[in-house]
$ cat final.tsv   # TSV, C-alpha atoms
chain	number	residue	atom	x	y	z
A	10	MET	CA	0.00	0.00	0.00
A	11	ALA	CA	2.83	2.24	0.70
A	12	GLN	CA	3.41	3.07	-2.92
A	13	PHE	CA	-0.04	4.63	-3.23
A	14	VAL	CA	0.44	7.18	-0.54
A	15	LYS	CA	0.39	10.47	-2.32
A	16	LYS	CA	3.21	12.74	-1.58
A	17	GLU	CA	2.13	16.27	-1.01
A	18	LYS	CA	3.88	17.97	-3.83
A	19	PRO	CA	4.73	21.59	-3.20
A	20	GLN	CA	2.87	23.80	-5.66
A	21	PRO	CA	5.32	25.02	-8.22
A	22	GLY	CA	5.42	28.81	-7.81
A	23	ILE	CA	5.25	31.09	-10.78
A	24	SER	CA	8.72	31.90	-11.82
A	25	THR	CA	9.55	35.51	-11.21
A	26	ALA	CA	12.76	35.35	-13.13
A	27	SER	CA	11.30	37.29	-16.03
A	28	LEU	CA	9.81	39.96	-13.81
A	29	PRO	CA	12.78	42.30	-14.12
A	30	ASP	CA	12.56	42.00	-17.90
A	31	ILE	CA	8.90	42.96	-17.94
A	32	VAL	CA	9.45	45.84	-15.61
A	33	PHE	CA	12.41	47.06	-17.62
A	34	MET	CA	10.33	46.96	-20.75
A	35	LEU	CA	7.69	49.13	-19.12
A	36	LEU	CA	10.40	51.36	-17.76
A	37	PHE	CA	11.91	51.95	-21.18
A	38	PHE	CA	8.49	52.67	-22.63
A	39	PHE	CA	7.87	55.37	-20.07
A	40	MET	CA	11.38	56.75	-20.38
A	41	VAL	CA	10.96	57.16	-24.10
A	42	THR	CA	7.46	58.63	-24.05
A	43	THR	CA	7.93	60.88	-21.08
A	44	VAL	CA	8.15	64.60	-21.43
A	45	LEU	CA	9.32	66.23	-18.28
A	46	ARG	CA	7.16	69.12	-17.29
A	47	GLU	CA	8.95	72.32	-18.13
A	48	THR	CA	6.89	74.66	-16.09
A	49	ASP	CA	5.45	74.34	-12.64
A	50	LEU	CA	1.78	75.06	-12.94
A	51	LEU	CA	0.68	77.73	-10.54
A	52	VAL	CA	-2.89	77.61	-11.78
A	53	LYS	CA	-5.44	74.87	-11.79
A	54	VAL	CA	-6.23	73.95	-15.35
A	55	SER	CA	-8.83	71.41	-16.26
A	56	ILE	CA	-9.10	71.40	-20.01
A	57	PRO	CA	-12.58	71.44	-21.56
A	58	PRO	CA	-13.78	68.62	-23.81
A	59	ALA	CA	-14.46	68.97	-27.53
A	60	THR	CA	-15.07	66.66	-30.46
A	61	GLN	CA	-13.53	68.36	-33.49
A	62	LEU	CA	-9.92	68.14	-32.39
A	63	GLU	CA	-6.98	69.04	-34.52
A	64	LYS	CA	-3.48	67.95	-33.84
A	65	ILE	CA	-0.72	70.51	-33.81
A	66	GLU	CA	1.74	69.25	-36.37
A	67	ASN	CA	4.86	71.11	-35.42
A	68	LYS	CA	5.37	71.03	-31.71
A	69	SER	CA	8.44	73.22	-31.68
A	70	LEU	CA	6.34	76.18	-32.80
A	71	VAL	CA	4.03	76.00	-29.82
A	72	SER	CA	4.09	78.34	-26.85
A	73	TYR	CA	1.74	77.87	-23.94
A	74	ILE	CA	-0.39	80.29	-22.01
A	75	TYR	CA	-2.22	78.95	-18.97
A	76	VAL	CA	-5.32	80.52	-17.53
A	77	GLY	CA	-7.12	79.38	-14.42
A	78	PRO	CA	-7.68	79.96	-10.74
A	79	PRO	CA	-4.44	79.94	-8.72
A	80	LYS	CA	-3.59	76.81	-6.80
A	81	ASP	CA	-2.50	78.81	-3.81
A	82	LYS	CA	-5.78	80.44	-2.87
A	83	GLY	CA	-4.51	81.98	0.32
A	84	GLN	CA	-1.86	83.98	-1.45
A	85	PHE	CA	-3.41	84.78	-4.82
A	86	GLY	CA	-7.16	84.53	-4.32
A	87	ASP	CA	-9.38	82.51	-6.61
A	88	GLU	CA	-9.91	84.81	-9.56
A	89	PRO	CA	-8.51	83.28	-12.76
A	90	ARG	CA	-4.98	84.40	-13.57
A	91	ILE	CA	-2.69	84.11	-16.56
A	92	GLN	CA	0.50	82.12	-16.29
A	93	VAL	CA	3.34	82.04	-18.78
A	94	ASN	CA	6.63	80.30	-18.11
A	95	ASP	CA	6.76	80.23	-14.32
A	96	VAL	CA	5.06	83.45	-13.39
A	97	PHE	CA	1.72	85.16	-13.27
A	98	VAL	CA	1.36	87.95	-15.79
A	99	THR	CA	-1.17	90.54	-16.82
A	100	PRO	CA	-2.41	90.70	-20.42
A	101	ARG	CA	-0.06	93.61	-21.00
A	102	ASP	CA	2.97	91.36	-20.52
A	103	ILE	CA	1.85	89.02	-23.28
A	104	PRO	CA	3.58	90.87	-26.16
A	105	ARG	CA	6.91	90.62	-24.37
A	106	PHE	CA	6.38	86.93	-23.76
A	107	ILE	CA	5.60	86.39	-27.44
A	108	ALA	CA	8.73	88.29	-28.40
A	109	GLN	CA	10.78	86.01	-26.15
A	110	GLU	CA	9.18	82.91	-27.58
A	111	ARG	CA	9.76	84.11	-31.12
A	112	ALA	CA	13.40	84.75	-30.37
A	113	LYS	CA	13.77	81.08	-29.44
A	114	LEU	CA	12.57	79.98	-32.85
A	115	ASP	CA	14.40	79.79	-36.11
A	116	GLU	CA	14.23	83.02	-38.03
A	117	ALA	CA	12.27	81.51	-40.88
A	118	LEU	CA	9.71	80.06	-38.52
A	119	ARG	CA	9.04	83.12	-36.40
A	120	ASP	CA	5.86	84.09	-38.21
A	121	ARG	CA	4.47	80.64	-37.76
A	122	ILE	CA	4.38	80.63	-33.98
A	123	ILE	CA	1.33	78.89	-32.52
A	124	ILE	CA	-0.11	79.88	-29.18
A	125	SER	CA	-1.72	77.08	-27.27
A	126	MET	CA	-4.15	78.38	-24.69
A	127	LYS	CA	-4.73	76.03	-21.83
A	128	VAL	CA	-7.72	77.52	-20.14
A	129	ASP	CA	-9.63	76.11	-17.22
A	130	GLN	CA	-13.21	75.05	-17.87
A	131	ASN	CA	-14.40	76.02	-14.41
A	132	LYS	CA	-17.46	78.28	-14.39
A	133	LYS	CA	-15.46	81.11	-12.90
A	134	THR	CA	-13.25	81.35	-15.96
A	135	LYS	CA	-14.96	83.89	-18.15
A	136	MET	CA	-14.23	85.02	-21.68
A	137	GLY	CA	-13.10	88.46	-20.48
A	138	ILE	CA	-9.62	87.29	-19.62
A	139	VAL	CA	-9.38	85.27	-22.83
A	140	ILE	CA	-10.49	88.24	-24.92
A	141	ASP	CA	-7.82	90.40	-23.26
A	142	ILE	CA	-5.13	87.87	-24.20
A	143	ARG	CA	-6.51	87.57	-27.70
A	144	GLU	CA	-6.39	91.30	-28.27
A	145	GLN	CA	-2.75	91.38	-27.16
A	146	LEU	CA	-1.92	88.49	-29.48
A	147	ARG	CA	-3.45	90.38	-32.36
A	148	GLU	CA	-1.32	93.38	-31.52
A	149	VAL	CA	1.88	91.38	-31.95
A	150	ASP	CA	0.52	89.40	-34.88
A	151	ALA	CA	0.68	86.01	-33.22
A	152	ARG	CA	-2.63	85.02	-34.67
A	153	LYS	CA	-2.51	81.26	-34.75
A	154	VAL	CA	-4.28	80.21	-31.61
A	155	ASN	CA	-5.13	76.75	-30.44
A	156	TYR	CA	-7.53	76.28	-27.57
A	157	ALA	CA	-6.38	73.11	-25.89
A	158	THR	CA	-9.17	70.60	-25.43
A	159	VAL	CA	-9.43	66.95	-24.57
A	160	ARG	CA	-11.38	64.43	-26.55
A	161	GLY	CA	-14.87	64.28	-25.20
A	162	ASP	CA	-17.75	62.26	-26.53
A	163	ASP	CA	-20.64	64.28	-27.79
A	164	VAL	CA	-20.86	66.89	-25.12
A	165	ALA	CA	-23.92	66.57	-22.93
A	166	GLU	CA	-26.84	68.73	-23.88
A	167	ASN	CA	-27.66	71.90	-22.10
B	9	MET	CA	36.93	19.24	-1.16
B	10	ARG	CA	34.37	22.00	-1.02
B	11	LYS	CA	36.90	24.70	-1.35
B	12	LYS	CA	38.34	23.10	-4.41
B	13	SER	CA	35.07	22.90	-6.29
B	14	ARG	CA	34.36	26.55	-5.68
B	15	ARG	CA	37.58	27.74	-7.02
B	16	GLY	CA	37.30	28.68	-10.70
B	17	ASP	CA	33.72	29.87	-11.03
B	18	SER	CA	33.33	33.52	-10.38
B	19	GLN	CA	30.89	34.80	-7.85
B	20	GLU	CA	27.71	35.99	-9.58
B	21	VAL	CA	26.06	39.25	-8.73
B	22	ASN	CA	22.75	38.67	-7.08
B	23	ALA	CA	20.10	39.87	-9.51
B	24	GLY	CA	17.23	39.42	-7.12
B	25	SER	CA	16.98	43.12	-6.36
B	26	MET	CA	17.04	44.08	-10.01
B	27	ALA	CA	13.25	44.07	-10.15
B	28	ASP	CA	13.05	46.34	-7.13
B	29	ILE	CA	15.40	48.84	-8.68
B	30	ALA	CA	13.54	48.76	-11.96
B	31	PHE	CA	10.23	49.19	-10.17
B	32	LEU	CA	11.55	52.20	-8.36
B	33	LEU	CA	12.60	53.82	-11.61
B	34	LEU	CA	9.34	52.82	-13.27
B	35	ILE	CA	7.29	54.45	-10.54
B	36	PHE	CA	9.38	57.60	-10.78
B	37	PHE	CA	8.71	57.89	-14.52
B	38	LEU	CA	5.06	57.00	-14.10
B	39	VAL	CA	4.62	59.85	-11.67
B	40	THR	CA	6.57	62.48	-13.56
B	41	THR	CA	5.27	61.64	-17.00
B	42	THR	CA	2.67	63.76	-18.72
B	43	ILE	CA	1.48	62.37	-21.96
B	44	ALA	CA	1.75	65.34	-24.25
B	45	SER	CA	-1.64	66.34	-25.52
B	46	ASP	CA	-1.24	69.07	-28.07
B	47	LYS	CA	-4.69	68.85	-29.44
B	48	GLY	CA	-7.35	71.44	-29.58
B	49	LEU	CA	-9.47	73.78	-31.60
B	50	SER	CA	-7.39	75.98	-33.85
B	51	ILE	CA	-8.49	79.39	-34.90
B	52	LEU	CA	-6.85	82.20	-36.81
B	53	LEU	CA	-7.37	85.56	-35.17
B	54	PRO	CA	-8.22	88.57	-37.32
B	55	PRO	CA	-5.33	90.89	-38.10
B	56	LYS	CA	-4.44	93.84	-35.95
B	57	ARG	CA	-6.96	96.60	-35.86
B	58	GLU	CA	-5.96	99.67	-37.81
B	59	ASP	CA	-7.55	102.77	-36.40
B	60	ASP	CA	-7.05	105.01	-39.39
B	61	ALA	CA	-8.06	102.65	-42.13
B	62	LEU	CA	-11.56	101.40	-42.54
B	63	ASN	CA	-10.69	97.79	-43.17
B	64	GLU	CA	-14.09	96.46	-42.40
B	65	PHE	CA	-15.21	93.54	-44.41
B	66	LYS	CA	-17.97	94.43	-46.71
B	67	MET	CA	-20.13	91.37	-46.72
B	68	LYS	CA	-23.70	90.88	-47.60
B	69	ASP	CA	-25.82	90.50	-44.55
B	70	ARG	CA	-27.30	87.25	-45.75
B	71	ASN	CA	-23.87	85.65	-45.98
B	72	VAL	CA	-23.05	86.16	-42.33
B	73	TYR	CA	-24.31	83.73	-39.75
B	74	LYS	CA	-24.37	85.72	-36.56
B	75	VAL	CA	-23.88	83.87	-33.31
B	76	LEU	CA	-23.97	85.79	-30.04
B	77	ILE	CA	-23.54	84.47	-26.52
B	78	ASN	CA	-24.46	86.63	-23.60
B	79	SER	CA	-23.07	86.70	-20.10
B	80	ARG	CA	-25.67	84.17	-18.98
B	81	ASN	CA	-24.40	81.73	-21.59
B	82	GLN	CA	-27.51	82.04	-23.72
B	83	LEU	CA	-27.27	81.78	-27.45
B	84	LEU	CA	-28.71	84.22	-29.95
B	85	VAL	CA	-28.42	83.02	-33.52
B	86	GLU	CA	-29.50	85.27	-36.38
B	87	GLY	CA	-31.62	87.26	-33.95
B	88	ASP	CA	-33.38	84.32	-32.38
B	89	PRO	CA	-32.60	82.36	-29.24
B	90	LEU	CA	-31.41	78.87	-30.05
B	91	SER	CA	-30.33	75.92	-27.98
B	92	LEU	CA	-26.78	74.72	-28.35
B	93	SER	CA	-27.87	71.33	-29.63
B	94	LYS	CA	-29.56	72.90	-32.66
B	95	LEU	CA	-26.65	75.13	-33.59
B	96	ARG	CA	-24.83	72.54	-35.68
B	97	LYS	CA	-27.87	71.81	-37.83
B	98	GLY	CA	-28.64	75.49	-38.23
B	99	ALA	CA	-25.11	76.33	-39.27
B	100	LYS	CA	-25.02	73.45	-41.75
B	101	GLU	CA	-28.24	74.58	-43.39
B	102	PHE	CA	-26.94	78.12	-43.55
B	103	ILE	CA	-23.60	77.25	-45.13
B	104	ASP	CA	-24.88	74.66	-47.56
B	105	ASN	CA	-27.85	76.70	-48.72
B	106	LYS	CA	-26.40	77.47	-52.16
B	107	GLY	CA	-28.85	80.28	-52.83
B	108	ARG	CA	-32.01	78.28	-52.27
B	109	ASP	CA	-33.40	80.19	-49.32
B	110	GLU	CA	-33.23	83.95	-49.56
B	111	LYS	CA	-32.39	84.41	-45.91
B	112	LEU	CA	-29.48	82.00	-45.90
B	113	SER	CA	-26.09	82.18	-47.58
B	114	GLU	CA	-25.47	82.42	-51.31
B	115	SER	CA	-22.77	79.77	-51.46
B	116	PRO	CA	-20.41	77.98	-49.09
B	117	LEU	CA	-17.58	80.08	-50.48
B	118	GLU	CA	-19.30	83.28	-49.44
B	119	ALA	CA	-20.72	82.13	-46.14
B	120	ALA	CA	-19.05	83.12	-42.90
B	121	VAL	CA	-19.83	82.57	-39.28
B	122	SER	CA	-19.50	85.60	-37.07
B	123	PHE	CA	-19.16	84.72	-33.48
B	124	LYS	CA	-19.34	87.13	-30.61
B	125	THR	CA	-19.07	86.54	-26.91
B	126	ASP	CA	-19.59	88.70	-23.89
B	127	ARG	CA	-16.83	89.23	-21.35
B	128	GLY	CA	-18.97	87.31	-18.90
B	129	THR	CA	-19.53	84.26	-21.08
B	130	SER	CA	-17.94	81.23	-19.54
B	131	TYR	CA	-15.02	79.78	-21.43
B	132	ALA	CA	-16.44	76.25	-21.38
B	133	VAL	CA	-19.52	77.42	-23.28
B	134	TYR	CA	-17.37	79.32	-25.75
B	135	VAL	CA	-15.40	76.17	-26.52
B	136	ARG	CA	-18.58	74.17	-27.00
B	137	VAL	CA	-20.04	76.68	-29.42
B	138	LEU	CA	-16.79	76.82	-31.35
B	139	ASP	CA	-16.78	73.04	-31.40
B	140	GLU	CA	-20.31	72.95	-32.81
B	141	ILE	CA	-19.47	75.41	-35.57
B	142	LYS	CA	-16.39	73.44	-36.50
B	143	ALA	CA	-18.47	70.28	-36.44
B	144	ALA	CA	-20.89	71.85	-38.92
B	145	TYR	CA	-18.05	72.51	-41.35
B	146	ASN	CA	-16.47	69.10	-40.81
B	147	GLU	CA	-19.79	67.33	-41.32
B	148	LEU	CA	-20.37	69.14	-44.58
B	149	ARG	CA	-16.91	68.18	-45.77
B	150	ALA	CA	-17.38	64.60	-44.66
B	151	GLU	CA	-20.71	64.40	-46.48
B	152	LYS	CA	-19.05	65.76	-49.58
B	153	LEU	CA	-16.47	63.01	-49.34
B	154	GLY	CA	-19.07	60.40	-48.55
B	155	VAL	CA	-17.49	59.28	-45.31
B	156	ALA	CA	-18.56	59.39	-41.69
B	157	LEU	CA	-17.53	62.33	-39.55
B	158	ASP	CA	-15.30	60.15	-37.39
B	159	ALA	CA	-13.50	58.84	-40.44
B	160	TYR	CA	-13.01	62.37	-41.66
B	161	LEU	CA	-11.57	63.51	-38.35
B	162	THR	CA	-9.22	60.59	-38.00
B	163	PHE	CA	-7.94	60.74	-41.55
B	164	ASP	CA	-4.16	60.60	-41.38
B	165	GLU	CA	-3.04	63.38	-43.67
B	166	LYS	CA	0.62	62.99	-42.90
B	167	GLU	CA	0.61	59.39	-44.04
B	168	ALA	CA	-1.40	60.15	-47.17
B	169	LEU	CA	1.07	62.84	-48.20
B	170	LYS	CA	3.73	60.18	-48.58
B	171	ASP	CA	1.66	58.21	-51.08
B	172	GLU	CA	3.73	57.30	-54.13
B	173	LYS	CA	0.87	57.79	-56.54
B	174	LEU	CA	0.40	61.29	-55.24
B	175	LEU	CA	4.08	62.09	-55.59
B	176	ARG	CA	4.03	60.80	-59.16
B	177	LYS	CA	1.08	63.04	-59.98
B	178	VAL	CA	2.84	66.05	-58.50
B	179	GLN	CA	5.91	65.25	-60.58
B	180	ARG	CA	3.83	65.00	-63.72
B	181	PHE	CA	2.21	68.32	-62.92
B	182	SER	CA	5.57	70.00	-62.34
B	183	GLN	CA	6.95	68.62	-65.59
B	184	SER	CA	4.01	69.70	-67.70
B	185	VAL	CA	4.15	73.23	-66.37
B	186	GLY	CA	7.91	73.39	-66.30
B	187	ASP	CA	8.12	74.61	-62.76
B	188	ASN	CA	8.72	73.01	-59.41
B	189	PHE	CA	5.64	72.47	-57.32
B	190	SER	CA	5.46	70.97	-53.88
B	191	VAL	CA	2.86	68.42	-52.87
B	192	LYS	CA	0.99	71.10	-50.94
B	193	ASP	CA	1.00	73.41	-53.96
B	194	TYR	CA	-0.53	70.65	-56.01
B	195	LEU	CA	-3.21	69.81	-53.45
B	196	ASN	CA	-4.09	73.43	-52.80
B	197	PHE	CA	-4.24	74.21	-56.51
B	198	ASP	CA	-7.54	75.88	-57.28
B	199	PRO	CA	-8.31	75.41	-60.98
B	200	ILE	CA	-11.22	77.87	-60.96
B	201	LYS	CA	-9.27	80.65	-59.32
B	202	LYS	CA	-6.19	80.07	-61.45
B	203	GLY	CA	-8.38	80.00	-64.53
B	204	GLN	CA	-9.70	83.41	-63.66
B	205	GLU	CA	-6.14	84.63	-63.26
B	206	GLY	CA	-5.48	83.50	-66.81
B	207	LYS	CA	-3.01	80.74	-66.04
B	208	ARG	CA	-4.34	78.40	-68.69
B	209	LYS	CA	-1.23	76.31	-68.99
B	210	GLU	CA	-1.13	75.54	-65.29
B	211	VAL	CA	-4.79	74.60	-65.21
B	212	GLU	CA	-4.39	72.26	-68.17
B	213	GLY	CA	-1.35	70.64	-66.60
B	214	TYR	CA	-3.21	70.24	-63.35
B	215	GLN	CA	-6.22	68.64	-64.95
B	216	LYS	CA	-4.03	66.26	-66.91
B	217	ALA	CA	-2.16	65.25	-63.77
B	218	ARG	CA	-5.41	64.80	-61.86
B	219	ALA	CA	-6.83	62.55	-64.56
B	220	SER	CA	-3.63	60.58	-65.06
B	221	ASP	CA	-4.35	58.09	-62.31
B	222	LYS	CA	-7.13	56.94	-60.07
B	223	GLU	CA	-8.46	59.77	-57.94
B	224	LEU	CA	-6.93	59.74	-54.52
B	225	PHE	CA	-8.80	60.35	-51.31
B	226	ILE	CA	-6.45	63.09	-50.24
B	227	GLU	CA	-7.14	65.03	-53.44
B	228	ARG	CA	-10.85	64.91	-52.72
B	229	TYR	CA	-10.10	65.77	-49.09
B	230	TYR	CA	-8.48	69.00	-50.18
B	231	ASP	CA	-11.25	69.65	-52.71
B	232	ALA	CA	-13.79	69.40	-49.92
B	233	SER	CA	-11.86	71.83	-47.72
B	234	ARG	CA	-11.74	74.23	-50.64
B	235	GLU	CA	-15.42	73.89	-51.29
B	236	TYR	CA	-16.32	74.55	-47.68
B	237	PRO	CA	-13.68	76.97	-46.50
B	238	LEU	CA	-13.62	77.46	-42.76
B	239	ARG	CA	-14.64	81.03	-42.22
B	240	ILE	CA	-15.18	81.69	-38.57
B	241	SER	CA	-14.62	85.25	-37.55
B	242	GLU	CA	-14.70	86.52	-34.06
B	243	ALA	CA	-16.28	89.91	-33.91
B	244	GLU	CA	-14.44	92.79	-32.32
B	245	PRO	CA	-15.13	93.10	-28.63
B	246	THR	CA	-17.19	96.15	-27.89
B	247	LYS	CA	-16.16	98.50	-25.18
B	248	ILE	CA	-19.65	99.26	-23.98
B	249	GLY	CA	-22.33	96.73	-23.24
B	250	GLY	CA	-21.96	93.38	-24.84

$ encode --input "final.tsv" --output "structure tokens"
Amino acid sequence: MAQFVKKEKPQPGISTASLPDIVFMLLFFFMVTTVLRETDLLVKVSIPPATQLEKIENKSLVSYIYVGPPKDKGQFGDEPRIQVNDVFVTPRDIPRFIAQERAKLDEALRDRIIISMKVDQNKKTKMGIVIDIREQLREVDARKVNYATVRGDDVAEN
Amino acid sequence: MRKKSRRGDSQEVNAGSMADIAFLLLIFFLVTTTIASDKGLSILLPPKREDDALNEFKMKDRNVYKVLINSRNQLLVEGDPLSLSKLRKGAKEFIDNKGRDEKLSESPLEAAVSFKTDRGTSYAVYVRVLDEIKAAYNELRAEKLGVALDAYLTFDEKEALKDEKLLRKVQRFSQSVGDNFSVKDYLNFDPIKKGQEGKRKEVEGYQKARASDKELFIERYYDASREYPLRISEAEPTKIGG
């Protein structure tokens, strides 16, 4: 009878030898796709949804303007503010910012600068501030504007 | 005996902690990464205002589709209140009227959408209205091409520009005219406009090149954009009222 006694076999564990390989693969993927944030956002920006999106073809031409309520309410209040680079600005500073951004570009490409406006969709963000920026952009002839949006399915009805 | 057997093989580095190290790095990149999303609604602002010159556009009233949004985010289209969900249909009818209805536009080439917001309009509503107007144009173009709107929007232009057949056509066009044209020149070539300018030779060369091979989707894609040119103008902000 002895030969029929089943030996309790230890369950073979899943080999984790390939785990480092998998993790490395993921790691390389993220290292390649990652773009380190250049600016520290001082404003809260939640981008509105839209359906008719266009891709910006030439990313090197893009300069960003952020508009939204400041993150630090205690210091800056909660009225929407404009941020370029790392600072808050008023609409009057926009022409100088555009001049700086243009100077970074190749001479032949300077007319083709694209301004990407990342504006918060919160109800407190009104068109007034956007219109002010727009008027300044017209002054310095930076007329290609892209309102950043995320892909949203058919936006809910009002 | 033990000592002897060990001699010779080198001590291997313990790779057990490799996964931990990799995980640490992975988590770092996961946290810091922002997937770049440079997508949005593009618009070309009107040129700088000249105070001395009267550079107002003289357009027939019937060719302008007037959209106003007030500070309470209500829509006024052509003098009547309209809900946002009906804007797309209204704009499409207006643009694609082709002279049928006297109140609507004469032709898609003439039609323009004038779009005015109040300082108190919320930005989210502005984006949605702009989105609807763009959708009207895109739907018209997609219908012209006989494809669904989604297919129109996801059409990969960059890839299509590399098409060999297209390049061959452009070459043929350049040769017949005796000038060097880029792919974009070829696609943006407007035979009607050039005909009016009296460039007969170019038009003939273009038509020959177009007919030389099966019609490509990208050619029709550009035709459709030409037929329904995107003309959205944002009206000047007024100083008083809104």

$ closest_atom_pairs --input "final.tsv" --of "chain A" --to "chain B" --cutoff "7 Å" --atoms "only C-alpha atoms" --output "JSON lines"
{"residue": "A:Leu28", "atom": "CA", "partner": "B:Ala27", "partner_atom": "CA", "distance": 6.5}
{"residue": "A:Pro29", "atom": "CA", "partner": "B:Ala27", "partner_atom": "CA", "distance": 4.4}
{"residue": "A:Val32", "atom": "CA", "partner": "B:Ala30", "partner_atom": "CA", "distance": 6.2}
{"residue": "A:Phe33", "atom": "CA", "partner": "B:Ala30", "partner_atom": "CA", "distance": 6.0}
{"residue": "A:Leu36", "atom": "CA", "partner": "B:Leu34", "partner_atom": "CA", "distance": 4.8}
{"residue": "A:Phe39", "atom": "CA", "partner": "B:Phe37", "partner_atom": "CA", "distance": 6.2}
{"residue": "A:Met40", "atom": "CA", "partner": "B:Phe37", "partner_atom": "CA", "distance": 6.5}
{"residue": "A:Thr43", "atom": "CA", "partner": "B:Thr41", "partner_atom": "CA", "distance": 4.9}
{"residue": "A:Val44", "atom": "CA", "partner": "B:Thr41", "partner_atom": "CA", "distance": 6.1}
{"residue": "A:Leu45", "atom": "CA", "partner": "B:Thr41", "partner_atom": "CA", "distance": 6.3}
{"residue": "A:Pro57", "atom": "CA", "partner": "B:Ala132", "partner_atom": "CA", "distance": 6.2}
{"residue": "A:Ala59", "atom": "CA", "partner": "B:Asp139", "partner_atom": "CA", "distance": 6.1}
{"residue": "A:Thr60", "atom": "CA", "partner": "B:Asp139", "partner_atom": "CA", "distance": 6.7}
{"residue": "A:Gln61", "atom": "CA", "partner": "B:Ala143", "partner_atom": "CA", "distance": 6.1}
{"residue": "A:Leu62", "atom": "CA", "partner": "B:Gly48", "partner_atom": "CA", "distance": 5.0}
{"residue": "A:Glu63", "atom": "CA", "partner": "B:Gly48", "partner_atom": "CA", "distance": 5.5}
{"residue": "A:Lys64", "atom": "CA", "partner": "B:Lys47", "partner_atom": "CA", "distance": 4.7}
{"residue": "A:Ile65", "atom": "CA", "partner": "B:Asp46", "partner_atom": "CA", "distance": 5.9}
{"residue": "A:Gln130", "atom": "CA", "partner": "B:Ala132", "partner_atom": "CA", "distance": 4.9}
{"residue": "A:Lys132", "atom": "CA", "partner": "B:Ser130", "partner_atom": "CA", "distance": 6.0}
{"residue": "A:Thr134", "atom": "CA", "partner": "B:Ser130", "partner_atom": "CA", "distance": 5.9}
{"residue": "A:Lys135", "atom": "CA", "partner": "B:Ser130", "partner_atom": "CA", "distance": 4.2}
{"residue": "A:Met136", "atom": "CA", "partner": "B:Arg127", "partner_atom": "CA", "distance": 5.0}
{"residue": "A:Gly137", "atom": "CA", "partner": "B:Arg127", "partner_atom": "CA", "distance": 3.9}
{"residue": "A:Arg147", "atom": "CA", "partner": "B:Lys56", "partner_atom": "CA", "distance": 5.1}
{"residue": "A:Glu148", "atom": "CA", "partner": "B:Lys56", "partner_atom": "CA", "distance": 5.4}
{"residue": "A:Asp150", "atom": "CA", "partner": "B:Lys56", "partner_atom": "CA", "distance": 6.7}
{"residue": "A:Arg152", "atom": "CA", "partner": "B:Leu53", "partner_atom": "CA", "distance": 4.8}
{"residue": "A:Lys153", "atom": "CA", "partner": "B:Leu52", "partner_atom": "CA", "distance": 4.9}
{"residue": "A:Val154", "atom": "CA", "partner": "B:Ile51", "partner_atom": "CA", "distance": 5.4}
{"residue": "A:Asn155", "atom": "CA", "partner": "B:Ser50", "partner_atom": "CA", "distance": 4.2}
{"residue": "A:Tyr156", "atom": "CA", "partner": "B:Leu49", "partner_atom": "CA", "distance": 5.1}
{"residue": "A:Ala157", "atom": "CA", "partner": "B:Gly48", "partner_atom": "CA", "distance": 4.2}
{"residue": "A:Thr158", "atom": "CA", "partner": "B:Gly48", "partner_atom": "CA", "distance": 4.6}
{"residue": "A:Glu166", "atom": "CA", "partner": "B:Ser93", "partner_atom": "CA", "distance": 6.4}
{"residue": "A:Asn167", "atom": "CA", "partner": "B:Leu92", "partner_atom": "CA", "distance": 6.9}

$ atom_distance --input "final.tsv" --atom1 "CA of Gly107 (chain B)" --atom2 "CA of Lys74 (chain B)"
17.7 Å

$ residues_around --input "final.tsv" --residues "region 143-146 of chain A" --least-positions-apart "4" --cutoff "7 Å" --atoms "all atoms listed in the file" --output "MDAnalysis selection string"
chainID A and resid 100 103:104 139 150:152

$ closest_residue --input "final.tsv" --among "A:Val54, A:Ala108, A:Ile23, A:Ile31" --to "Gln92 (chain A)" --atoms "all atoms listed in the file"
A:Val54

$ atom_distance --input "final.tsv" --atom1 "CA of Tyr75 (chain A)" --atom2 "CA of Ile140 (chain A)"
13.8 Å

$ residues_around --input "final.tsv" --residues "Ile103 (chain B)" --least-positions-apart "6" --cutoff "8 Å" --atoms "only C-alpha atoms" --output "PyMOL selection string"
chain B and resi 112-113+115-116+119-120

$ residues_around --input "final.tsv" --residues "Tyr229 (chain B)" --least-positions-apart "3" --cutoff "8 Å" --atoms "only C-alpha atoms" --output "list in words"
Arg149, Leu153, Phe225, Ile226, Ala232 and Ser233 of chain B

$ write_last_selection --input "final.tsv" --atoms "C-alpha atoms" --output "short mmCIF file (atom, residue, chain, number, x, y, z; two decimals), keeping the file's coordinate frame"
data_model
loop_
_atom_site.label_atom_id
_atom_site.label_comp_id
_atom_site.auth_asym_id
_atom_site.auth_seq_id
_atom_site.Cartn_x
_atom_site.Cartn_y
_atom_site.Cartn_z
CA ARG B 149 -16.91 68.18 -45.77
CA LEU B 153 -16.47 63.01 -49.34
CA PHE B 225 -8.80 60.35 -51.31
CA ILE B 226 -6.45 63.09 -50.24
CA ALA B 232 -13.79 69.40 -49.92
CA SER B 233 -11.86 71.83 -47.72
#

$ atom_distance --input "final.tsv" --atom1 "CA of Ala26 (chain A)" --atom2 "CA of Ser18 (chain B)"
20.8 Å

$ closest_residue --input "final.tsv" --among "B:Asp231, B:Lys124, B:Ile240, B:Glu205" --to "Ala99 (chain B)" --atoms "all atoms listed in the file"
B:Ile240
